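S.K.: Structure file final-v4.csv (CSV, C-alpha atoms) right here:
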chain,number,residue,atom,x,y,z
A,683,MET,CA,-32.7,61.1,11.1
A,684,GLY,CA,-30.3,63.9,10.1
A,685,LEU,CA,-27.1,63.6,8.1
A,686,THR,CA,-24.9,63.7,11.1
A,687,GLU,CA,-26.9,61.1,12.9
A,688,ASN,CA,-26.8,58.9,9.7
A,689,ILE,CA,-23.0,59.2,9.6
A,690,ASN,CA,-22.7,58.4,13.2
A,691,GLN,CA,-24.9,55.4,12.8
A,692,ALA,CA,-22.9,54.2,9.8
A,693,ASN,CA,-19.6,54.7,11.8
A,694,SER,CA,-21.1,52.7,14.7
A,695,ASP,CA,-22.3,50.0,12.3
A,696,PHE,CA,-18.9,49.6,10.8
A,697,LYS,CA,-17.3,49.4,14.2
A,698,ASN,CA,-19.6,46.6,15.0
A,699,ILE,CA,-18.9,44.9,11.7
A,700,LYS,CA,-15.2,45.3,12.3
A,701,ALA,CA,-15.4,43.8,15.7
A,702,ALA,CA,-17.4,40.9,14.4
A,703,ILE,CA,-14.9,40.2,11.6
A,704,ILE,CA,-12.0,40.4,14.1
A,705,GLU,CA,-13.8,38.0,16.4
A,706,LYS,CA,-13.8,35.5,13.6
A,707,GLY,CA,-10.0,35.6,13.4
A,708,VAL,CA,-9.6,38.0,10.4
A,709,GLU,CA,-7.3,41.0,10.9
A,710,VAL,CA,-8.9,44.4,10.1
A,711,LEU,CA,-6.4,47.2,10.3
A,712,ASP,CA,-7.3,50.8,11.4
A,713,GLY,CA,-8.0,52.8,8.3
A,714,THR,CA,-9.5,49.9,6.4
A,715,CYS,CA,-11.8,51.4,3.8
A,716,THR,CA,-15.5,50.5,3.6
A,717,TYR,CA,-15.1,49.0,0.1
A,718,GLU,CA,-12.6,46.6,1.6
A,719,TYR,CA,-15.1,45.0,3.9
A,720,ALA,CA,-16.6,42.7,1.3
A,721,GLY,CA,-13.2,41.1,0.9
A,722,LYS,CA,-12.9,40.8,4.7
A,723,ILE,CA,-16.2,39.0,4.9
A,724,GLY,CA,-14.8,36.6,2.2
A,725,GLU,CA,-11.8,36.1,4.5
A,726,VAL,CA,-14.2,35.2,7.4
A,727,TYR,CA,-15.6,32.4,5.2
A,728,GLU,CA,-12.1,31.1,4.5
A,729,ALA,CA,-11.2,31.4,8.2
A,730,GLY,CA,-14.3,29.4,9.0
A,731,GLN,CA,-13.2,26.7,6.5
A,732,LYS,CA,-9.8,26.6,8.1
A,733,SER,CA,-11.3,26.4,11.5
A,734,GLU,CA,-13.5,23.6,10.5
A,735,TYR,CA,-10.6,21.8,8.8
A,736,ASP,CA,-8.5,22.2,12.0
A,737,ARG,CA,-11.4,21.1,14.2
A,738,PHE,CA,-12.0,17.9,12.2
A,739,TRP,CA,-8.4,16.8,11.7
A,740,ASP,CA,-7.3,17.8,15.3
A,741,ALA,CA,-10.0,15.4,16.4
A,742,TYR,CA,-9.5,12.7,13.8
A,743,GLN,CA,-5.7,12.6,14.2
A,744,GLU,CA,-5.8,13.3,17.9
A,745,ASN,CA,-3.7,16.4,17.4
A,746,GLY,CA,-1.1,14.5,15.6
A,747,LYS,CA,-0.8,11.7,18.2
A,748,ARG,CA,-3.1,9.1,16.6
A,749,ALA,CA,-1.5,5.7,16.2
A,750,THR,CA,-4.4,3.4,15.6
A,751,TYR,CA,-5.5,4.0,12.0
A,752,THR,CA,-7.7,0.9,11.7
A,753,ALA,CA,-10.0,1.5,8.7
A,754,ALA,CA,-9.3,5.2,9.1
A,755,PHE,CA,-9.3,6.0,5.4
A,756,SER,CA,-11.4,3.1,4.2
A,757,GLY,CA,-14.5,3.6,2.0
A,758,ILE,CA,-15.4,5.6,-1.1
A,759,GLY,CA,-15.9,8.8,0.9
A,760,TRP,CA,-12.1,9.2,1.0
A,761,THR,CA,-11.0,10.9,-2.2
A,762,ALA,CA,-8.1,13.2,-3.2
A,763,GLU,CA,-10.4,16.1,-2.2
A,764,THR,CA,-11.2,14.8,1.3
A,765,PHE,CA,-7.9,13.1,2.2
A,766,LYS,CA,-6.0,16.2,3.3
A,767,PRO,CA,-4.6,15.2,6.8
A,768,LYS,CA,-3.3,18.1,8.9
A,769,TYR,CA,-0.6,16.0,10.5
A,770,ASP,CA,1.9,13.4,9.3
A,771,ILE,CA,0.5,9.9,9.5
A,772,VAL,CA,2.5,7.6,11.7
A,773,PRO,CA,0.4,4.5,12.3
A,774,GLU,CA,1.1,1.7,14.8
A,775,ASN,CA,-1.9,-0.2,13.5
A,776,ALA,CA,-2.7,0.0,9.8
A,777,THR,CA,-5.4,-2.7,9.7
A,778,GLN,CA,-7.5,-2.0,6.5
A,779,MET,CA,-6.3,1.5,6.8
A,780,PHE,CA,-6.7,2.3,3.1
A,781,GLY,CA,-9.4,-0.2,2.2
A,782,ARG,CA,-12.6,-0.6,0.4
A,783,TYR,CA,-12.4,1.6,-2.8
A,784,CYS,CA,-10.8,4.6,-1.1
A,785,LEU,CA,-8.8,7.2,-2.9
A,786,LYS,CA,-9.6,6.3,-6.4
A,787,ASN,CA,-6.6,6.6,-8.8
A,788,VAL,CA,-4.6,8.5,-6.1
A,789,ASP,CA,-0.8,8.3,-6.3
A,790,LEU,CA,-0.3,8.5,-2.5
A,791,VAL,CA,3.3,9.6,-2.9
A,792,GLU,CA,2.5,12.6,-5.1
A,793,HIS,CA,-0.7,13.4,-3.2
A,794,LEU,CA,1.1,13.6,0.2
A,795,ASN,CA,4.0,15.5,-1.4
A,796,ASN,CA,1.5,18.1,-2.7
A,797,ILE,CA,0.0,18.7,0.7
A,798,ASN,CA,3.4,18.5,2.4
A,799,LYS,CA,2.6,15.5,4.6
A,800,LYS,CA,4.3,12.2,5.3
A,801,LEU,CA,3.0,8.7,5.7
A,802,ASP,CA,5.6,6.9,7.9
A,803,PHE,CA,5.0,3.2,8.5
A,804,SER,CA,8.2,2.7,10.5
A,805,GLU,CA,6.3,2.4,13.8
A,806,CYS,CA,3.7,0.1,12.5
A,807,LYS,CA,3.1,-3.2,14.2
A,808,TYR,CA,-0.1,-4.4,12.4
A,809,PHE,CA,-0.4,-4.6,8.6
A,810,VAL,CA,-3.6,-6.5,8.4
A,811,GLU,CA,-5.1,-6.2,4.9
A,812,THR,CA,-3.9,-2.6,4.9
A,813,PHE,CA,-4.8,-2.1,1.3
A,814,PHE,CA,-7.9,-4.3,1.2
A,815,TYR,CA,-9.6,-3.5,-2.2
A,816,THR,CA,-8.0,-0.1,-2.2
A,817,ASN,CA,-8.2,2.2,-5.2
A,818,ILE,CA,-4.8,3.8,-4.5
A,819,VAL,CA,-2.4,3.2,-7.4
A,820,ARG,CA,0.9,3.9,-5.7
A,821,VAL,CA,2.2,3.9,-2.2
A,822,GLY,CA,5.7,4.9,-1.2
A,823,ILE,CA,7.9,3.3,1.4
A,824,VAL,CA,6.2,0.6,3.5
A,825,ASP,CA,8.6,0.0,6.3
A,826,THR,CA,7.5,-3.2,8.1
A,827,ARG,CA,10.4,-3.7,10.4
A,828,LYS,CA,8.4,-3.3,13.6
A,829,CYS,CA,5.8,-5.9,12.4
A,830,ALA,CA,6.3,-9.6,13.0
A,831,ASN,CA,3.4,-10.9,11.0
A,832,LEU,CA,2.9,-10.0,7.3
A,833,SER,CA,0.3,-12.7,6.6
A,834,THR,CA,-2.0,-10.3,4.8
A,835,ILE,CA,0.0,-7.2,4.2
A,836,LEU,CA,-1.0,-6.7,0.6
A,837,ALA,CA,-3.9,-9.1,0.6
A,838,TYR,CA,-6.7,-8.1,-1.8
A,839,SER,CA,-5.0,-5.0,-3.0
A,840,ALA,CA,-6.7,-6.0,-6.2
A,841,ASP,CA,-6.4,-4.3,-9.5
A,842,TYR,CA,-5.7,-0.7,-8.6
A,843,LEU,CA,-2.5,-0.9,-6.5
A,844,LYS,CA,0.3,-1.1,-9.1
A,845,THR,CA,3.3,0.3,-7.3
A,846,VAL,CA,4.9,-0.1,-3.9
A,847,ASP,CA,8.0,2.0,-4.0
A,848,GLU,CA,9.8,0.0,-1.4
A,849,LEU,CA,8.7,-2.8,1.0
A,850,ILE,CA,11.3,-2.8,3.8
A,851,LEU,CA,11.6,-6.1,5.7
A,852,LYS,CA,13.7,-7.0,8.7
A,853,ASP,CA,17.2,-8.2,7.9
A,854,ASP,CA,16.9,-11.4,9.9
A,855,GLY,CA,14.1,-13.0,7.7
A,856,SER,CA,12.0,-13.6,10.8
A,857,GLN,CA,8.7,-12.0,9.6
A,858,THR,CA,5.8,-14.3,8.9
A,859,PHE,CA,4.4,-14.6,5.5
A,860,SER,CA,1.4,-16.7,4.5
A,861,ASN,CA,-0.1,-17.9,1.3
A,862,SER,CA,-2.4,-14.9,1.6
A,863,SER,CA,0.3,-12.1,2.1
A,864,PHE,CA,-0.2,-11.2,-1.6
A,865,ILE,CA,-3.4,-12.9,-2.4
A,866,GLN,CA,-5.4,-11.1,-5.1
A,867,SER,CA,-2.7,-8.4,-5.5
A,868,THR,CA,-3.5,-8.7,-9.1
A,869,GLY,CA,-2.5,-5.2,-10.2
A,870,LEU,CA,0.9,-5.2,-8.5
A,871,THR,CA,3.5,-4.4,-11.1
A,872,ASN,CA,6.3,-2.6,-9.4
A,873,ILE,CA,7.7,-3.5,-6.0
A,874,LYS,CA,11.1,-3.1,-4.6
A,875,VAL,CA,11.8,-5.5,-1.7
A,876,THR,CA,14.7,-4.7,0.7
A,877,GLY,CA,15.6,-6.8,3.7
A,878,VAL,CA,15.2,-10.6,3.9
A,879,ILE,CA,12.3,-12.9,3.0
A,880,GLY,CA,12.8,-15.9,5.4
A,881,LYS,CA,9.4,-17.6,5.0
A,882,THR,CA,7.5,-19.3,2.2
A,883,VAL,CA,5.8,-16.6,0.1
A,884,ASN,CA,3.4,-16.6,-2.8
A,885,PHE,CA,3.1,-14.0,-5.6
A,886,GLN,CA,1.1,-16.1,-8.0
A,887,TRP,CA,-1.7,-13.5,-8.3
A,888,SER,CA,0.7,-10.8,-9.5
A,889,THR,CA,0.8,-11.6,-13.1
A,890,LYS,CA,2.2,-8.2,-14.2
A,891,LEU,CA,5.3,-8.0,-12.1
A,892,THR,CA,8.2,-6.4,-13.9
A,893,ALA,CA,11.5,-8.1,-14.3
A,894,LYS,CA,13.1,-5.6,-11.8
A,895,SER,CA,10.4,-6.5,-9.3
A,896,ILE,CA,10.9,-10.2,-9.7
A,897,VAL,CA,14.7,-9.7,-9.3
A,898,SER,CA,14.1,-7.7,-6.2
A,899,ILE,CA,11.9,-10.4,-4.7
A,900,VAL,CA,14.4,-13.2,-5.5
A,901,GLU,CA,17.3,-11.3,-4.3
A,902,ALA,CA,15.5,-10.7,-1.0
A,903,LEU,CA,15.2,-14.5,-0.4
A,904,SER,CA,17.2,-15.7,2.5
A,905,SER,CA,20.4,-17.4,1.4
A,906,THR,CA,20.7,-19.4,4.6
A,907,THR,CA,17.3,-21.1,5.0
A,908,SER,CA,16.0,-24.4,3.5
A,909,GLY,CA,12.7,-26.0,2.9
A,910,LEU,CA,11.0,-22.8,1.7
A,911,THR,CA,9.1,-22.0,-1.5
A,912,LEU,CA,8.7,-18.9,-3.6
A,913,THR,CA,5.7,-19.0,-5.9
A,914,LEU,CA,5.6,-16.6,-8.9
A,915,SER,CA,3.2,-16.1,-11.8
A,916,GLN,CA,4.5,-17.9,-14.9
A,917,ALA,CA,2.9,-15.2,-17.0
A,918,ALA,CA,4.8,-12.5,-15.1
A,919,VAL,CA,8.1,-14.4,-15.6
A,920,ASN,CA,7.4,-15.0,-19.3
A,921,ASN,CA,6.4,-11.5,-20.0
A,922,ALA,CA,9.1,-9.8,-18.0
A,923,ASP,CA,11.7,-7.8,-19.9
A,924,TRP,CA,15.0,-9.2,-18.5
A,925,THR,CA,17.1,-6.7,-20.5
A,926,THR,CA,16.1,-4.2,-17.8
A,927,THR,CA,18.0,-6.3,-15.2
A,928,ASP,CA,21.5,-7.6,-14.6
A,929,TYR,CA,20.2,-11.1,-15.4
A,930,ALA,CA,20.1,-12.7,-18.8
A,931,ASP,CA,16.9,-14.5,-18.0
A,932,PHE,CA,14.9,-16.0,-15.2
A,933,GLU,CA,17.1,-19.1,-15.1
A,934,THR,CA,20.1,-17.0,-14.4
A,935,LEU,CA,18.3,-15.4,-11.6
A,936,GLU,CA,16.8,-18.5,-10.0
A,937,ALA,CA,20.2,-20.2,-10.0
A,938,THR,CA,21.3,-17.7,-7.4
A,939,LYS,CA,18.9,-19.2,-4.8
A,940,THR,CA,19.1,-22.9,-5.1
A,941,ASN,CA,18.2,-23.3,-1.5
A,942,TRP,CA,14.7,-22.3,-2.4
A,943,THR,CA,12.1,-24.2,-4.3
A,944,ILE,CA,10.7,-21.7,-6.9
A,945,THR,CA,7.5,-22.5,-8.6
A,946,LEU,CA,5.8,-20.8,-11.5
A,947,VAL,CA,2.1,-21.2,-11.8
B,343,MET,CA,35.2,-26.7,-7.9
B,344,GLN,CA,31.6,-26.9,-6.7
B,345,VAL,CA,28.9,-27.7,-9.2
B,346,LYS,CA,25.3,-27.4,-8.2
B,347,THR,CA,22.5,-28.7,-10.4
B,348,ARG,CA,18.9,-27.9,-10.0
B,349,THR,CA,16.2,-30.3,-10.8
B,350,ILE,CA,13.4,-28.7,-12.7
B,351,LEU,CA,9.9,-30.3,-13.0
B,352,TYR,CA,7.6,-29.4,-15.9
B,353,ALA,CA,3.9,-30.3,-15.7
B,354,ASP,CA,2.3,-31.8,-18.7
B,355,GLU,CA,-0.2,-29.8,-20.7
B,356,GLY,CA,-3.3,-29.1,-18.8
B,357,LYS,CA,-1.7,-30.3,-15.5
B,358,VAL,CA,-0.2,-28.7,-12.4
B,359,LEU,CA,2.4,-30.2,-10.1
B,360,THR,CA,1.9,-30.3,-6.4
B,361,ASN,CA,3.3,-31.8,-3.2
B,362,GLY,CA,0.1,-30.9,-1.4
B,363,GLU,CA,1.3,-27.5,-0.4
B,364,THR,CA,3.1,-26.0,-3.4
B,365,TYR,CA,1.6,-25.8,-6.9
B,366,GLY,CA,3.3,-25.0,-10.1
B,367,LYS,CA,3.6,-25.7,-13.8
B,368,ILE,CA,7.3,-25.3,-13.6
B,369,ILE,CA,9.1,-26.1,-10.3
B,370,TYR,CA,12.7,-25.4,-9.6
B,371,LEU,CA,13.4,-27.8,-6.8
B,372,ALA,CA,15.6,-26.7,-3.9
B,373,GLU,CA,18.6,-28.8,-3.0
B,374,GLY,CA,17.5,-31.7,-0.9
B,375,VAL,CA,13.9,-31.7,-2.2
B,376,SER,CA,12.8,-34.9,-4.0
B,377,GLU,CA,10.8,-34.9,-7.2
B,378,ALA,CA,9.1,-38.0,-5.8
B,379,ASP,CA,7.2,-35.7,-3.5
B,380,PHE,CA,5.3,-34.2,-6.4
B,381,HIS,CA,2.5,-35.4,-8.5
B,382,GLU,CA,0.2,-33.9,-11.1
B,383,ILE,CA,-3.4,-32.7,-10.8
B,384,THR,CA,-5.5,-31.1,-13.5
B,385,GLU,CA,-5.7,-27.4,-14.0
B,386,ALA,CA,-9.4,-27.5,-13.1
B,387,GLU,CA,-8.6,-29.2,-9.8
B,388,HIS,CA,-5.9,-26.6,-9.1
B,389,THR,CA,-8.3,-23.7,-9.9
B,390,GLU,CA,-10.8,-25.2,-7.5
B,391,ILE,CA,-8.2,-25.4,-4.7
B,392,VAL,CA,-7.1,-21.8,-5.3
B,393,LYS,CA,-10.7,-20.7,-5.3
B,394,GLU,CA,-11.4,-22.5,-2.0
B,395,GLY,CA,-8.3,-21.0,-0.5
B,396,GLU,CA,-9.4,-17.5,-1.5
B,397,GLU,CA,-13.0,-18.0,-0.2
B,398,SER,CA,-11.8,-19.3,3.1
B,399,GLU,CA,-9.5,-16.4,3.5
B,400,ILE,CA,-12.1,-13.7,2.7
B,401,ASN,CA,-14.6,-15.4,5.0
The structure in this file should be written as structure tokens.
M.R.:
Amino acid sequence: MGLTENINQANSDFKNIKAAIIEKGVEVLDGTCTYEYAGKIGEVYEAGQKSEYDRFWDAYQENGKRATYTAAFSGIGWTAETFKPKYDIVPENATQMFGRYCLKNVDLVEHLNNINKKLDFSECKYFVETFFYTNIVRVGIVDTRKCANLSTILAYSADYLKTVDELILKDDGSQTFSNSSFIQSTGLTNIKVTGVIGKTVNFQWSTKLTAKSIVSIVEALSSTTSGLTLTLSQAAVNNADWTTTDYADFETLEATKTNWTITLV
Amino acid sequence: MQVKTRTILYADEGKVLTNGETYGKIIYLAEGVSEADFHEITEAEHTEIVKEGEESEIN
């Protein structure tokens, strides 16, 4: 093969390579030099990764329309590396959604901010053991106002989940709590409750609650109901730093809700 | 002037107070709730009751 034929063959080969790269979704402008093609092939790999990311999350999140997230992010396979949803998460069913050792040590608020996604519980009707043995350390706003039954909302959130930025309840106190709503929520330290607690509720397992959290819970107790009981951990009450609150001590706080029986155990 | 007083029950050492539904070492009774409804059980009995409750919930 002569020189001219070699050059023609090389030109032909590069045209084919260019066409193949373009077919993979990477732009190759006219005049791109041969030494730039190695970089372009790297871009093909990245485009493939993006394509695979899109393919997975489009299917997993039903192109952003998924509403039933039952056990969707449960299990040790979900980590900060793998949990990178393409769409905002707006569950209507959050049953064991973040369960079983998922997302070890992940601050869900920071993580979602970093990937510019939102977790919006405002449409959620089912909070069944949503954080069952989760390894998440912090969740943001948990808006429960569309949910009637909170019997197991933080049940078995265990040692990892320390902070719930805000638990929003209905204002009419109608949502059901049970003895198990916060069963084994042993790590729970910071929680801000807004709305009204209108049913007997038990926080005995949360021995690390801060004074502010305890105040938030007591202040959320309905002022109009009777025959109801709030159970708190005696250790939490004894160890709480009341100087961080507007109340001198726990006795000053509990005196604001004499319509409730409050037990320390 | 309205004065409200709250009855507070304190369990003896090693005991827990209960009315069969509620358990506590210190119980701030709501208005209208009688202390006569409460009696003491041992901490061991209470621990067993809590454990049974947890096991029935997880099963």
S.K.: Tell me the residues of chain B close to chain A, meaning within 10 Å using only C-alpha atoms, as an NGL selection string.
M.R.: :B and (346-352 or 358-360 or 363-375 or 395-396 or 399-400)
S.K.: With a distance cut-off of 8 Å and only C-alpha atoms, select the neighbouring residues of region 729-732 of chain A, excluding the residue or stretch itself and same-chain residues fewer than 3 positions from it, and output the selection as a list in words.
M.R.: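 What passes the distance filter is Lys706, Gly707, Val708, Glu725, Val726, Tyr735 and Asp736 of chain A.
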S.K.: Would you save the residues of that selection, restricted to C-alpha atoms, as a PDB file, keeping the file's coordinate frame?
M.R.:
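Output file out13.pdb is given in full below:
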ATOM      1  CA  LYS A 706     -13.800  35.500  13.600  1.00  0.00           C
ATOM      2  CA  GLY A 707     -10.000  35.600  13.400  1.00  0.00           C
ATOM      3  CA  VAL A 708      -9.600  38.000  10.400  1.00  0.00           C
ATOM      4  CA  GLU A 725     -11.800  36.100   4.500  1.00  0.00           C
ATOM      5  CA  VAL A 726     -14.200  35.200   7.400  1.00  0.00           C
ATOM      6  CA  TYR A 735     -10.600  21.800   8.800  1.00  0.00           C
ATOM      7  CA  ASP A 736      -8.500  22.200  12.000  1.00  0.00           C
TER       8      ASP A 736
END
S.K.: Looking at A:Gly757, A:Thr764, A:Thr826, A:Ser888, which one is nearest to Ala917 (chain A), with distances taken over only C-alpha atoms?
M.R.: A:Ser888
S.K.: Using 7 Å as the limit and counting all atoms listed in the file, can you tabulate each residue of region 791-842 of chain A that touches region 769-776 of chain A, with its shortest atom-to-atom distance in Å and the two atoms involved, as CSV?
M.R.:
residue,atom,partner,partner_atom,distance
A:Lys799,CA,A:Asp770,CA,5.2
A:Lys800,CA,A:Asp770,CA,4.8
A:Leu801,CA,A:Ile771,CA,4.7
A:Asp802,CA,A:Val772,CA,5.0
A:Phe803,CA,A:Val772,CA,6.0
A:Glu805,CA,A:Glu774,CA,5.3
A:Cys806,CA,A:Glu774,CA,3.8
A:Lys807,CA,A:Glu774,CA,5.3
A:Tyr808,CA,A:Asn775,CA,4.7
A:Phe809,CA,A:Ala776,CA,5.3
A:Val810,CA,A:Ala776,CA,6.7
A:Thr812,CA,A:Ala776,CA,5.7
S.K.: Which residue gives the smallest distance to Ile823 (chain A) among A:Thr777, A:Thr876, A:Ser895, A:Thr858, with only C-alpha atoms counted?
M.R.: A:Thr876
S.K.: Give me the residues near Glu385 (chain B) as a ChimeraX atom specification, where near means some atom within 7 Å (using all atoms listed in the file) and where sequence neighbours in that chain fewer than 4 positions away do not count.
M.R.: /B:356-358,389
S.K.: Can those selected residues be exported to a file as a PDB file, in the coordinates of the input so that it contains C-alpha atoms?
M.R.:
ATOM      1  CA  GLY B 356      -3.300 -29.100 -18.800  1.00  0.00           C
ATOM      2  CA  LYS B 357      -1.700 -30.300 -15.500  1.00  0.00           C
ATOM      3  CA  VAL B 358      -0.200 -28.700 -12.400  1.00  0.00           C
ATOM      4  CA  THR B 389      -8.300 -23.700  -9.900  1.00  0.00           C
TER       5      THR B 389
END
S.K.: For the atom pair CA of Phe813 (chain A) and CA of Phe755 (chain A), what is the interatomic distance in Å to one decimal place?
M.R.: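 About the pair CA of Phe813 (chain A) and CA of Phe755 (chain A): they are 10.1 Å apart.
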S.K.: One decimal, Å: what's the distance from CA of Asn795 (chain A) over to CA of Leu832 (chain A), could you say?
M.R.: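 Separation between CA of Asn795 (chain A) and CA of Leu832 (chain A): 27.0 Å.
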S.K.: Just the number, please: distance in Å from CA of Ile896 (chain A) to CA of Asp854 (chain A), one decimal.
M.R.: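 Here the two named atoms are 20.5 Å from each other.
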